[in-house]
2 protein chains.
Amino acid sequence: MTDLDKRNRLIDCDVHPIPRNVQEIYPYLPKRWHKDYIMLGRPFYNHPNHVLRLDAVTPDGNIPGSDPSFVREHLLNEYGIDYAVLLPLAYVNMHPNPYMAADLASAYNQWLVDVWLDGCNHGGRYKGSITVAPQNPKAAVKEIEKWAEHPHMVQVMMDSGADTNFGHMQYHAIYEACAHYGLPIALHPTGEALGISRPASSGYPTTYMEWSVGLTFSVQAHLVSFITEGVFDRFPNLKLVLVEGGSAWLPSLMWRMDNSWKGLRDEVPWLKKRPSEYVKEHVRITSQPLESTDHPEHLLYNLEMMDAKNILMFASDYPHWDFDSPTRTFPKMPAEMKQRIFYDNAKELYKLP
Amino acid sequence: MTDLDKRNRLIDCDVHPIPRNVQEIYPYLPKRWHKDYIMLGRPFYNHPNHVLRLDAVTPDGNIPGSDPSFVREHLLNEYGIDYAVLLPLAYVNMHPNPYMAADLASAYNQWLVDVWLDGCNHGGRYKGSITVAPQNPKAAVKEIEKWAEHPHMVQVMMDSGADTNFGHMQYHAIYEACAHYGLPIALHPTGEALGISRPASSGYPTTYMEWSVGLTFSVQAHLVSFITEGVFDRFPNLKLVLVEGGSAWLPSLMWRMDNSWKGLRDEVPWLKKRPSEYVKEHVRITSQPLESTDHPEHLLYNLEMMDAKNILMFASDYPHWDFDSPTRTFPKMPAEMKQRIFYDNAKELYKLP
């Protein structure tokens, strides 16, 4: 960490490492799956222009996010980021075949370790996420056991696309393993309305804009499911990280859940306190894409209402098109709030040095 | 309107008239559907206690909401409500059979007119909603044509449960008819995850609490679909009313949509302005269940952020369990805001005398 400005410490909680091409993943993936593996390709819900920042193409012409050294220069050193939490998008949840889904998750984990986390790892500034396939909980638990003690793995992650909300008992073995190893479980939007994952709402979106705006409903519904199913009562040690699903909705959803619980608590006897209290204790939310308005004071007030000082963690989503810059995205905030959102909350959650 | 206090005028935009029993609907419904028609009955997603207010049982022991004279006393006169907008819940969207769905909508419309709107109608204080079955757009258009000129029908309504988001082109004939007659289209939550309607999010809820909290995602996703599909550009005269899906989420969703549109407008060339501008011009939201918090000043600030003064309309949801009282639900508001939410916005939208 020689090239950091110690006065403005910063953790980026959503950076996407991307293999240069399918050939980079093939060695990690059993050969029988190769013909079905199409990296990033899908026949619809594609960005109308470019989903990756054009200026993030690597110096040797490879795909953005594919070169650890260039990402270090282009993102970490450019903004003085101490740590980047890496979330590879393996698109496992959509697979009808749970065996392939699990093998694909394994492939991405080994690739992440080999290419980004082991070796020099630029002073340990890259922290990893253990990808698991929720449609194959047994394999997911094994994958967590395999990597939990790796010094640079800091959480478990799943795509948010699903056919069953993530509080459901079918996933509890995964959370038990997370809690056992003290690893947060992170949900990252993608896969909704693709393959076996249902759409994020009652119907299939028709455009990328409808699809991508709607990802927030998927993340919010999973949160409701975690709460109403009592997942945090069953695993008191568990932390949930909601990545890239927006955050400004949090006050309204906490109010709605608390209101509902008042009248319906007979049905969910495992809930020992108000839903908003579980959120504050167990849930962290990453900031990108931070909502923006013509009235920055509205956004600031909203951050106060959601207790962002204790819940929100900065994220850039590099190298995606809607990258949030740490210097330009946020409204002017009180110093303590900024310090906690940009650094302390993530440092505490991920137990970083 | 002899028994009203003229100084505090009030319109209730969500009151549910309920047939006393199935026998009250049978005469309106072709006989071949009788065996399939189960009023209010479903094998799951039932309120753990009572979905209807126990104190709203009629004096002769019938189901709450079934007696126009008693509702007049118990709700309208009790709170000095000038007009009640009636939304019967016929649960049509969930039906796999679109012919039965259309006939059920027709039955409820004729029943509503016969029992609530025609005859004395207590000085015209009851205003009606024309139920249509969105899975049968041709029949829906006919139903709108049949009732549009009725002096007490003020809008068209659909359940929010669906298998395709409501901005989709398959529904546009319905909106064309609404716009032609100057009738708003109202969406009222119910039916999600039942019959042919998908769940409101990526998975099936397991409890009534998860189901009912999640209804807000269904309503929000339909709004996104109306915007991204350009429905308001195609029918500039159309107004959309979102009933009972909450409202505190509106600022965050407008911010998210506006942000998204900035980067993705190439894909939705029919959008001529920011999504939030369409919302302010075309969308009205009813207040119940108004979110509540320990900090009433947060809620008030949220009402200001969403421009509630011009968008929100008071609703009680009588006779449902989570009834909002006009005297106790809202935080203390500026007089003009209160006047518009409690009366003016609905009066203008529904062109009431």
# chains A, B, ... in the order shown; residues from 1 in each chain; ligands from 1
call {"tool": "residues_around", "arguments": {"residues": "region 82-94 of chain A", "least_positions_apart": "4", "cutoff": "9 Å", "atoms": "only C-alpha atoms", "output": "JSON, numbers by chain"}}
result
{"A": [1, 4, 9, 10, 11, 12, 13, 14, 15, 16, 17, 18, 19, 39, 40, 76, 77, 98, 100, 101, 102, 104, 105, 108, 109, 112, 116, 124, 125, 126, 127, 128, 129, 130, 131, 132, 133, 134, 135, 154, 157, 158, 159, 160, 161, 162, 163, 188, 190, 191, 192, 193, 194, 195, 196, 197, 198, 315, 343, 352]}
call {"tool": "interface_residues", "arguments": {"of": "chain A", "to": "chain B", "cutoff": "6 Å", "atoms": "only C-alpha atoms", "output": "PyMOL selection string"}}
result
chain A and resi 48+162-165+198-203+217-218+248-249+252+255-256+267+291-293
call {"tool": "write_last_selection", "arguments": {"atoms": "N, CA and C atoms", "output": "tab-separated table (two decimals), in the first residue's frame"}}
result
chain	number	residue	atom	x	y	z
A	48	PRO	N	-27.90	-1.22	-24.89
A	48	PRO	CA	-28.03	-0.73	-26.26
A	48	PRO	C	-26.70	-0.27	-26.85
A	162	ALA	N	-33.12	-15.78	-9.68
A	162	ALA	CA	-33.49	-16.97	-8.91
A	162	ALA	C	-34.86	-17.46	-9.34
A	163	ASP	N	-35.20	-18.68	-8.92
A	163	ASP	CA	-36.59	-19.07	-9.09
A	163	ASP	C	-37.28	-19.25	-7.73
A	164	THR	N	-36.53	-19.02	-6.67
A	164	THR	CA	-37.10	-19.06	-5.32
A	164	THR	C	-36.40	-17.97	-4.52
A	165	ASN	N	-37.15	-17.18	-3.78
A	165	ASN	CA	-36.53	-16.09	-3.03
A	165	ASN	C	-35.54	-16.64	-2.02
A	198	ARG	N	-36.45	-16.57	-12.72
A	198	ARG	CA	-37.65	-15.85	-13.07
A	198	ARG	C	-37.33	-14.38	-13.31
A	199	PRO	N	-38.26	-13.69	-13.96
A	199	PRO	CA	-38.09	-12.23	-14.04
A	199	PRO	C	-38.16	-11.62	-12.64
A	200	ALA	N	-37.62	-10.41	-12.49
A	200	ALA	CA	-37.57	-9.75	-11.19
A	200	ALA	C	-38.94	-9.28	-10.74
A	201	SER	N	-39.92	-9.26	-11.64
A	201	SER	CA	-41.26	-8.81	-11.27
A	201	SER	C	-42.27	-9.73	-11.94
A	202	SER	N	-43.54	-9.31	-11.94
A	202	SER	CA	-44.59	-10.21	-12.41
A	202	SER	C	-44.45	-10.58	-13.89
A	203	GLY	N	-43.71	-9.81	-14.65
A	203	GLY	CA	-43.63	-10.12	-16.08
A	203	GLY	C	-42.23	-9.99	-16.62
A	217	PHE	N	-35.91	-4.59	-7.78
A	217	PHE	CA	-37.03	-5.29	-7.15
A	217	PHE	C	-36.61	-6.71	-6.73
A	218	SER	N	-35.73	-7.29	-7.53
A	218	SER	CA	-35.23	-8.62	-7.20
A	218	SER	C	-34.46	-8.58	-5.88
A	248	ALA	N	-31.59	3.83	-2.25
A	248	ALA	CA	-32.49	4.90	-1.80
A	248	ALA	C	-33.86	4.36	-1.39
A	249	TRP	N	-34.18	3.15	-1.81
A	249	TRP	CA	-35.46	2.53	-1.46
A	249	TRP	C	-35.47	2.02	-0.03
A	252	SER	N	-38.06	3.42	2.69
A	252	SER	CA	-39.46	3.07	2.43
A	252	SER	C	-39.72	1.59	2.68
A	255	TRP	N	-39.85	0.91	6.44
A	255	TRP	CA	-41.13	1.38	7.00
A	255	TRP	C	-42.25	0.40	6.67
A	256	ARG	N	-42.26	-0.05	5.41
A	256	ARG	CA	-43.33	-0.97	4.98
A	256	ARG	C	-43.25	-2.29	5.76
A	267	GLU	N	-47.83	-14.61	12.34
A	267	GLU	CA	-47.49	-15.55	11.27
A	267	GLU	C	-46.01	-15.84	11.21
A	291	GLU	N	-28.44	6.59	-6.48
A	291	GLU	CA	-29.48	7.37	-7.11
A	291	GLU	C	-29.06	8.84	-7.11
A	292	SER	N	-29.52	9.59	-8.09
A	292	SER	CA	-29.16	11.01	-8.11
A	292	SER	C	-30.38	11.82	-8.48
A	293	THR	N	-30.40	13.05	-8.06
A	293	THR	CA	-31.55	13.91	-8.30
A	293	THR	C	-31.08	15.34	-8.54
call {"tool": "select_by_dssp", "arguments": {"residues": "region 113-264 of chain B", "states": "strand (DSSP E)", "output": "ChimeraX atom specification"}}
result
/B:126-131,153-159,185-188,240-242
call {"tool": "write_last_selection", "arguments": {"atoms": "all heavy atoms", "output": "compact mmCIF listing (two decimals), in the first residue's frame"}}
result
# COMPACT_ATOMS: atom_id res chain seq x y z
N TYR B 126 -71.01 7.50 -3.92
CA TYR B 126 -70.23 6.33 -4.35
C TYR B 126 -69.86 6.46 -5.83
O TYR B 126 -70.74 6.65 -6.67
CB TYR B 126 -71.03 5.04 -4.14
CG TYR B 126 -71.21 4.67 -2.67
CD1 TYR B 126 -72.47 4.37 -2.16
CD2 TYR B 126 -70.11 4.61 -1.82
CE1 TYR B 126 -72.64 4.02 -0.82
CE2 TYR B 126 -70.28 4.26 -0.48
CZ TYR B 126 -71.53 3.97 0.01
OH TYR B 126 -71.69 3.63 1.33
N LYS B 127 -68.58 6.37 -6.12
CA LYS B 127 -68.10 6.38 -7.50
C LYS B 127 -67.50 5.02 -7.81
O LYS B 127 -66.86 4.41 -6.94
CB LYS B 127 -67.05 7.48 -7.69
CG LYS B 127 -67.58 8.89 -7.38
CD LYS B 127 -68.77 9.26 -8.27
CE LYS B 127 -69.38 10.60 -7.89
NZ LYS B 127 -70.67 10.85 -8.60
N GLY B 128 -67.66 4.57 -9.02
CA GLY B 128 -67.29 3.19 -9.32
C GLY B 128 -66.08 3.04 -10.22
O GLY B 128 -65.64 3.98 -10.90
N SER B 129 -65.53 1.82 -10.21
CA SER B 129 -64.43 1.45 -11.09
C SER B 129 -64.90 0.32 -12.00
O SER B 129 -65.51 -0.64 -11.52
CB SER B 129 -63.23 0.95 -10.27
OG SER B 129 -62.87 1.90 -9.29
N ILE B 130 -64.59 0.42 -13.27
CA ILE B 130 -64.98 -0.60 -14.24
C ILE B 130 -63.92 -1.69 -14.23
O ILE B 130 -62.78 -1.47 -14.65
CB ILE B 130 -65.08 0.00 -15.66
CG1 ILE B 130 -66.06 1.17 -15.69
CG2 ILE B 130 -65.44 -1.08 -16.67
CD1 ILE B 130 -65.96 2.04 -16.95
N THR B 131 -64.27 -2.86 -13.71
CA THR B 131 -63.30 -3.97 -13.68
C THR B 131 -63.13 -4.55 -15.07
O THR B 131 -64.12 -4.80 -15.78
CB THR B 131 -63.81 -5.06 -12.72
OG1 THR B 131 -63.83 -4.53 -11.39
CG2 THR B 131 -62.89 -6.29 -12.75
N MET B 153 -69.34 5.99 -12.93
CA MET B 153 -68.10 5.24 -13.18
C MET B 153 -66.99 6.25 -13.47
O MET B 153 -67.11 7.07 -14.38
CB MET B 153 -68.27 4.30 -14.37
CG MET B 153 -69.11 3.07 -14.07
SD MET B 153 -68.29 1.95 -12.87
CE MET B 153 -69.17 0.41 -13.23
N VAL B 154 -65.93 6.19 -12.68
CA VAL B 154 -64.89 7.22 -12.81
C VAL B 154 -63.53 6.68 -13.27
O VAL B 154 -62.61 7.46 -13.53
CB VAL B 154 -64.69 8.00 -11.49
CG1 VAL B 154 -65.95 8.78 -11.14
CG2 VAL B 154 -64.26 7.08 -10.35
N GLN B 155 -63.37 5.37 -13.32
CA GLN B 155 -62.08 4.83 -13.78
C GLN B 155 -62.25 3.37 -14.20
O GLN B 155 -63.28 2.75 -13.95
CB GLN B 155 -61.01 4.95 -12.70
CG GLN B 155 -61.24 4.05 -11.49
CD GLN B 155 -60.21 4.28 -10.37
OE1 GLN B 155 -59.27 5.07 -10.50
NE2 GLN B 155 -60.37 3.58 -9.26
N VAL B 156 -61.20 2.87 -14.82
CA VAL B 156 -61.12 1.45 -15.18
C VAL B 156 -60.11 0.83 -14.22
O VAL B 156 -59.14 1.48 -13.83
CB VAL B 156 -60.65 1.30 -16.65
CG1 VAL B 156 -60.44 -0.17 -17.01
CG2 VAL B 156 -61.66 1.96 -17.58
N MET B 157 -60.35 -0.42 -13.80
CA MET B 157 -59.39 -1.02 -12.87
C MET B 157 -58.99 -2.44 -13.27
O MET B 157 -59.76 -3.18 -13.87
CB MET B 157 -59.94 -1.03 -11.44
CG MET B 157 -61.04 -2.04 -11.19
SD MET B 157 -61.46 -2.17 -9.41
CE MET B 157 -60.11 -3.15 -8.77
N MET B 158 -57.76 -2.78 -12.92
CA MET B 158 -57.27 -4.15 -13.11
C MET B 158 -56.54 -4.57 -11.83
O MET B 158 -55.90 -3.76 -11.18
CB MET B 158 -56.26 -4.22 -14.26
CG MET B 158 -56.75 -3.57 -15.55
SD MET B 158 -55.77 -3.98 -17.02
CE MET B 158 -54.20 -3.19 -16.70
N ASP B 159 -56.62 -5.87 -11.50
CA ASP B 159 -55.73 -6.41 -10.48
C ASP B 159 -54.30 -6.22 -10.97
O ASP B 159 -54.03 -6.22 -12.17
CB ASP B 159 -55.92 -7.93 -10.32
CG ASP B 159 -57.34 -8.35 -9.97
OD1 ASP B 159 -58.10 -7.50 -9.48
OD2 ASP B 159 -57.67 -9.53 -10.21
N ILE B 185 -56.72 4.59 -15.68
CA ILE B 185 -56.61 3.14 -15.45
C ILE B 185 -55.97 2.95 -14.08
O ILE B 185 -54.91 3.51 -13.78
CB ILE B 185 -55.79 2.44 -16.56
CG1 ILE B 185 -55.61 0.95 -16.26
CG2 ILE B 185 -54.41 3.09 -16.77
CD1 ILE B 185 -56.80 0.13 -16.64
N ALA B 186 -56.66 2.21 -13.21
CA ALA B 186 -56.15 1.98 -11.85
C ALA B 186 -55.66 0.54 -11.71
O ALA B 186 -56.29 -0.39 -12.24
CB ALA B 186 -57.26 2.24 -10.82
N LEU B 187 -54.52 0.38 -11.06
CA LEU B 187 -54.03 -0.96 -10.73
C LEU B 187 -54.16 -1.17 -9.24
O LEU B 187 -53.71 -0.33 -8.46
CB LEU B 187 -52.55 -1.10 -11.12
CG LEU B 187 -52.19 -0.81 -12.57
CD1 LEU B 187 -50.71 -1.10 -12.80
CD2 LEU B 187 -53.05 -1.64 -13.53
N HIS B 188 -54.76 -2.27 -8.87
CA HIS B 188 -54.93 -2.58 -7.45
C HIS B 188 -54.28 -3.93 -7.16
O HIS B 188 -54.60 -4.92 -7.81
CB HIS B 188 -56.41 -2.61 -7.08
CG HIS B 188 -56.63 -2.78 -5.61
ND1 HIS B 188 -56.36 -3.96 -4.95
CD2 HIS B 188 -57.06 -1.91 -4.66
CE1 HIS B 188 -56.63 -3.81 -3.67
NE2 HIS B 188 -57.05 -2.58 -3.46
N LEU B 240 -52.68 7.11 -14.94
CA LEU B 240 -52.51 5.83 -14.26
C LEU B 240 -52.64 6.05 -12.76
O LEU B 240 -52.01 6.96 -12.20
CB LEU B 240 -51.13 5.27 -14.60
CG LEU B 240 -50.64 4.05 -13.81
CD1 LEU B 240 -51.51 2.83 -14.10
CD2 LEU B 240 -49.17 3.76 -14.15
N VAL B 241 -53.45 5.23 -12.09
CA VAL B 241 -53.60 5.34 -10.64
C VAL B 241 -53.04 4.07 -10.00
O VAL B 241 -53.48 2.96 -10.33
CB VAL B 241 -55.09 5.50 -10.23
CG1 VAL B 241 -55.20 5.72 -8.72
CG2 VAL B 241 -55.72 6.66 -11.00
N LEU B 242 -52.09 4.23 -9.12
CA LEU B 242 -51.51 3.09 -8.41
C LEU B 242 -52.11 3.04 -7.02
O LEU B 242 -51.88 3.94 -6.20
CB LEU B 242 -49.99 3.20 -8.34
CG LEU B 242 -49.29 3.33 -9.69
CD1 LEU B 242 -47.79 3.48 -9.50
CD2 LEU B 242 -49.60 2.13 -10.59
call {"tool": "atom_distance", "arguments": {"atom1": "CA of Arg42 (chain B)", "atom2": "CA of His95 (chain B)"}}
result
12.7 Å
call {"tool": "residues_around", "arguments": {"residues": "Thr286 (chain B)", "least_positions_apart": "3", "cutoff": "6 Å", "atoms": "only C-alpha atoms", "output": "list in words"}}
result
Val243, Leu312, Met313, Phe314 and Ala315 of chain B
call {"tool": "select_by_dssp", "arguments": {"residues": "region 27-269 of chain B", "states": "alpha helix (DSSP H)", "output": "PyMOL selection string"}}
result
chain B and resi 68-71+78-79+98-112+121-124+137-147+172-181+208-228+231-234+250-264
call {"tool": "residues_around", "arguments": {"residues": "Phe232 (chain A)", "least_positions_apart": "2", "cutoff": "10 Å", "atoms": "only C-alpha atoms", "output": "ChimeraX atom specification"}}
result
/A:167,175,179,226-230,234-240,270-271,278-279,281-283
call {"tool": "write_last_selection", "arguments": {"atoms": "C-alpha atoms", "output": "compact mmCIF listing (two decimals), in the first residue's frame"}}
result
# COMPACT_ATOMS: atom_id res chain seq x y z
CA GLY A 167 -34.75 -16.57 2.39
CA TYR A 175 -26.02 -19.53 5.08
CA ALA A 179 -22.12 -17.98 9.33
CA PHE A 226 -34.42 -13.10 4.37
CA ILE A 227 -36.36 -11.14 6.98
CA THR A 228 -39.71 -12.89 6.85
CA GLU A 229 -38.12 -16.36 6.79
CA GLY A 230 -36.18 -15.50 9.93
CA ARG A 234 -31.55 -18.90 12.54
CA PHE A 235 -27.99 -17.68 11.87
CA PRO A 236 -27.39 -14.76 14.24
CA ASN A 237 -23.85 -14.41 12.94
CA LEU A 238 -24.88 -13.96 9.31
CA LYS A 239 -24.37 -10.71 7.38
CA LEU A 240 -26.04 -9.99 4.05
CA TRP A 270 -39.44 -16.38 14.80
CA LEU A 271 -39.09 -12.62 14.35
CA TYR A 278 -32.54 -6.83 11.54
CA VAL A 279 -31.55 -4.67 8.59
CA GLU A 281 -27.71 -5.31 12.45
CA HIS A 282 -27.29 -7.76 9.57
CA VAL A 283 -27.47 -5.98 6.23
call {"tool": "atom_distance", "arguments": {"atom1": "CA of Asn62 (chain B)", "atom2": "CA of Arg20 (chain B)"}}
result
6.2 Å
call {"tool": "residues_around", "arguments": {"residues": "Tyr28 (chain A)", "least_positions_apart": "2", "cutoff": "6 Å", "atoms": "only C-alpha atoms", "output": "ChimeraX atom specification"}}
result
/A:25-26,107
call {"tool": "atom_distance", "arguments": {"atom1": "CA of Gly119 (chain A)", "atom2": "CA of Pro151 (chain A)"}}
result
12.0 Å
